[in-house]
Amino acid sequence: MRQYHDFHVDSTRYLDDHGNALGDLPPQAEDTERTLAAYRNMVLTRTFDAKTIALQRTGKCGTYPSVLGHEVIGTAIGQSLAKTDVFVPYYRDQAVHILRGATLLELLLYWGGDERGSAWKNCPEDLPIAVPIATQCCHAVGVASAFRIRGEDRAVVCCVGDGGTSKGDFLESINLAGAWHLPVVFVVINNQWAISTPRAIQTGAETIAQKAISAGLPGHIVDGNDYFAAVEALDTALDRARAGKGGAVIEAVTYRLGDHTTADDATRYRSAEELKKAWEKDGVKRLQNYLHNTGFWSPDKEKALQAECKQTVEKAVEVYLATDPEPPTAMLDFLFESLPAALVGQRERIAAKFRGGASGGGQ
């Protein structure tokens, strides 16, 4: 008789959908300043997101992936990472980038098609945004391997979507992380949709977190809209990784509240009722309610924060729109350490055709 095994993983939630505590909260809840800083980052991220979508709709930015619904887990990752750690992102990690020190201008440049936006000035060891699905997982284990070889107490966080866990890149990477005992934490942001493919048919596994078991890694599920559950899980996993105890897989369950990108129309494959129910679980509003209920927030503070975030974003947009574009030669200047002979002639023709192209740097 064929036997099936129950691959059980723990799941954590501390706040209900309205921001009320379901029981005792973790120690992280005692740090009010950290919690307030988290909420401010969520609001700034959401403000930036709305503005960038508007820029794309008016032809001032390229195709853009909304972070709507990911602000809570992204903020938890950003707060849990140490300055010496390395972040390996995918393409919906704006909340993390901001906390890591990436400027709004850099993010705007990147999504505007300007690769200067990939050169993080304040977090230069963090990897660039990865649009290809799950390839960044391989890079993450490479970075973690370097830390292990050097004997450094540093860790890596790699983000990937639920759809990305069906790729061989992810499965091979968690296998290597377990086999080599690497200090890398994979955060799977399960937002229920891999573009138009629902989670229900993305994998036959009951949960994504249980895939960690096959690699010899601990797997854990958190409510990705519950700030305290998310930040506790990240703090614990990263402390463990830095202490030389190996990696982990965290499945953060949330919902992608916007389209997959500005090139997508999610109304073609999901219902308005489903989206409405997801909004009722919004993590940003949930944390706001918690702060109100505990006396650390007020309508006046909310109004001031919204105005501050809007002003911060508008200033970044002004600089972005006034930034001169790179010369066309830049498309070749930053591909190789030294330009291959076969491309030298192409670069010279591009430089000759476009005024100012010959002055492009980067070789």
# chains A, B, ... in the order shown; residues from 1 in each chain; ligands from 1
call {"tool": "select_by_dssp", "arguments": {"residues": "range 44-287 of chain A", "states": "alpha helix (DSSP H)", "output": "PyMOL selection string"}}
result
chain A and resi 44-57+71-80+94-100+104-111+135-150+168-179+199-202+211-214+227-242+272-279+283-287
call {"tool": "residues_around", "arguments": {"residues": "Leu332 in chain A", "least_positions_apart": "6", "cutoff": "8 Å", "atoms": "only C-alpha atoms", "output": "list in words"}}
result
Leu339, Leu343 and Arg347 of chain A
call {"tool": "closest_residue", "arguments": {"among": "A:Phe228, A:Tyr39, A:Phe354, A:Tyr64", "to": "Lys51 in chain A", "atoms": "only C-alpha atoms"}}
result
A:Tyr64
call {"tool": "residues_around", "arguments": {"residues": "Ser11 in chain A", "least_positions_apart": "3", "cutoff": "9 Å", "atoms": "only C-alpha atoms", "output": "number ranges by chain"}}
result
A: 220-223
call {"tool": "write_last_selection", "arguments": {"atoms": "C-alpha atoms", "output": "compact mmCIF listing (two decimals), in the first residue's frame"}}
result
# COMPACT_ATOMS: atom_id res chain seq x y z
CA HIS A 220 7.93 28.09 8.58
CA ILE A 221 4.72 29.84 7.51
CA VAL A 222 3.82 33.34 8.64
CA ASP A 223 0.89 35.58 7.96
call {"tool": "residues_around", "arguments": {"residues": "Ile133 in chain A", "least_positions_apart": "4", "cutoff": "9 Å", "atoms": "only C-alpha atoms", "output": "ChimeraX atom specification"}}
result
/A:90,160-161,163-164,167,169
call {"tool": "closest_atom_pairs", "arguments": {"of": "range 45-98 of chain A", "to": "range 237-257 of chain A", "cutoff": "10 Å", "atoms": "only C-alpha atoms", "output": "tab-separated table"}}
result
residue	atom	partner	partner_atom	distance
A:Ser66	CA	A:Arg256	CA	8.4
A:Val67	CA	A:Arg256	CA	7.7
A:Leu68	CA	A:Leu257	CA	5.4
A:Gly69	CA	A:Arg256	CA	5.3
A:His70	CA	A:Thr254	CA	7.1
A:Glu71	CA	A:Thr254	CA	10.0
A:Val72	CA	A:Thr254	CA	9.2
A:Ile73	CA	A:Ala252	CA	7.0
A:Ile77	CA	A:Leu238	CA	9.8
A:Ser80	CA	A:Leu238	CA	7.4
A:Leu81	CA	A:Leu238	CA	7.4
A:Ala82	CA	A:Leu238	CA	8.9
A:Asp85	CA	A:Arg242	CA	9.1
call {"tool": "write_last_selection", "arguments": {"atoms": "N, CA, C and O atoms", "output": "compact mmCIF listing (two decimals), in the first residue's frame"}}
result
# COMPACT_ATOMS: atom_id res chain seq x y z
N SER A 66 3.77 46.52 -9.14
CA SER A 66 3.28 47.12 -7.90
C SER A 66 3.63 46.25 -6.70
O SER A 66 3.59 45.03 -6.74
N VAL A 67 3.97 46.93 -5.60
CA VAL A 67 4.32 46.26 -4.35
C VAL A 67 3.11 46.17 -3.41
O VAL A 67 3.22 45.69 -2.28
N LEU A 68 1.96 46.58 -3.89
CA LEU A 68 0.75 46.62 -3.07
C LEU A 68 0.41 45.22 -2.51
O LEU A 68 0.16 44.28 -3.26
N GLY A 69 0.43 45.11 -1.20
CA GLY A 69 0.19 43.84 -0.54
C GLY A 69 1.45 43.18 0.00
O GLY A 69 1.38 42.21 0.76
N HIS A 70 2.61 43.73 -0.38
CA HIS A 70 3.89 43.17 0.06
C HIS A 70 4.62 44.09 1.06
O HIS A 70 5.73 43.78 1.47
N GLU A 71 4.00 45.19 1.43
CA GLU A 71 4.70 46.18 2.25
C GLU A 71 5.10 45.63 3.63
O GLU A 71 6.16 45.98 4.16
N VAL A 72 4.26 44.79 4.21
CA VAL A 72 4.52 44.30 5.57
C VAL A 72 5.70 43.33 5.60
O VAL A 72 6.65 43.52 6.37
N ILE A 73 5.67 42.31 4.76
CA ILE A 73 6.76 41.35 4.77
C ILE A 73 8.06 42.02 4.31
O ILE A 73 9.14 41.74 4.84
N ILE A 77 11.59 42.23 6.49
CA ILE A 77 12.89 41.79 5.98
C ILE A 77 13.91 42.91 6.13
O ILE A 77 15.03 42.70 6.61
N SER A 80 15.05 43.37 9.70
CA SER A 80 15.77 42.25 10.31
C SER A 80 17.19 42.09 9.76
O SER A 80 18.06 41.54 10.43
N LEU A 81 17.40 42.53 8.53
CA LEU A 81 18.73 42.44 7.94
C LEU A 81 19.72 43.37 8.64
O LEU A 81 19.40 44.53 8.92
N ALA A 82 20.90 42.87 8.94
CA ALA A 82 21.96 43.71 9.47
C ALA A 82 22.65 44.43 8.31
O ALA A 82 22.55 44.01 7.15
N ASP A 85 24.81 42.20 6.29
CA ASP A 85 24.18 41.12 5.54
C ASP A 85 24.01 41.53 4.08
O ASP A 85 24.23 42.69 3.71
call {"tool": "closest_residue", "arguments": {"among": "A:Thr203, A:Gln192, A:Thr58, A:Thr236", "to": "Gln28 in chain A", "atoms": "only C-alpha atoms"}}
result
A:Thr236
call {"tool": "residues_around", "arguments": {"residues": "range 286-292 of chain A", "least_positions_apart": "3", "cutoff": "9 Å", "atoms": "only C-alpha atoms", "output": "list in words"}}
result
Leu15, Asp16, Asp17, His18, Gly19, Asn20, Ala21, Thr35, Leu36, Tyr39, Val72, Asn225, Asp226, Tyr227, Lys281, Asp282, Gly283, Gly295, Phe296, Trp297, Ser298, Pro299 and Glu302 of chain A
call {"tool": "residues_around", "arguments": {"residues": "range 311-321 of chain A", "least_positions_apart": "3", "cutoff": "7 Å", "atoms": "only C-alpha atoms", "output": "list in words"}}
result
Phe48, Leu104, Leu105, Leu108, Leu109, Ala307 and Glu308 of chain A
call {"tool": "closest_residue", "arguments": {"among": "A:Gly23, A:Ala330, A:Val43, A:Glu30", "to": "Val284 in chain A", "atoms": "only C-alpha atoms"}}
result
A:Val43
call {"tool": "select_by_dssp", "arguments": {"residues": "range 169-242 of chain A", "states": "strand (DSSP E or B)", "output": "number ranges by chain"}}
result
A: 184-190, 193-194, 197-198, 219-223
call {"tool": "closest_residue", "arguments": {"among": "A:Ala194, A:Leu99, A:Asp31, A:Glu115", "to": "Asp333 in chain A", "atoms": "only C-alpha atoms"}}
result
A:Glu115
call {"tool": "residues_around", "arguments": {"residues": "Cys61 in chain A", "least_positions_apart": "4", "cutoff": "10 Å", "atoms": "only C-alpha atoms", "output": "number ranges by chain"}}
result
A: 52-57, 108-113, 320-321
call {"tool": "write_last_selection", "arguments": {"atoms": "C-alpha atoms", "output": "short mmCIF file (atom, residue, chain, number, x, y, z; two decimals), in the first residue's frame"}}
result
data_model
loop_
_atom_site.label_atom_id
_atom_site.label_comp_id
_atom_site.auth_asym_id
_atom_site.auth_seq_id
_atom_site.Cartn_x
_atom_site.Cartn_y
_atom_site.Cartn_z
CA THR A 52 5.30 55.20 -9.88
CA ILE A 53 2.23 53.54 -11.37
CA ALA A 54 0.96 57.02 -12.31
CA LEU A 55 4.31 57.80 -13.95
CA GLN A 56 4.09 54.63 -16.02
CA ARG A 57 0.53 55.40 -17.09
CA LEU A 108 12.77 55.33 -10.26
CA LEU A 109 15.83 55.21 -12.50
CA TYR A 110 15.80 51.43 -12.57
CA TRP A 111 12.12 51.14 -13.49
CA GLY A 112 12.62 53.98 -15.95
CA GLY A 113 15.10 51.81 -17.84
CA TYR A 320 14.18 61.73 -11.67
CA LEU A 321 12.36 63.65 -14.39
#
call {"tool": "atom_distance", "arguments": {"atom1": "CA of Ala50 in chain A", "atom2": "CA of Ile195 in chain A"}}
result
19.6 Å
call {"tool": "closest_residue", "arguments": {"among": "A:Arg40, A:Val185, A:Val231, A:Val86", "to": "Lys303 in chain A", "atoms": "only C-alpha atoms"}}
result
A:Arg40
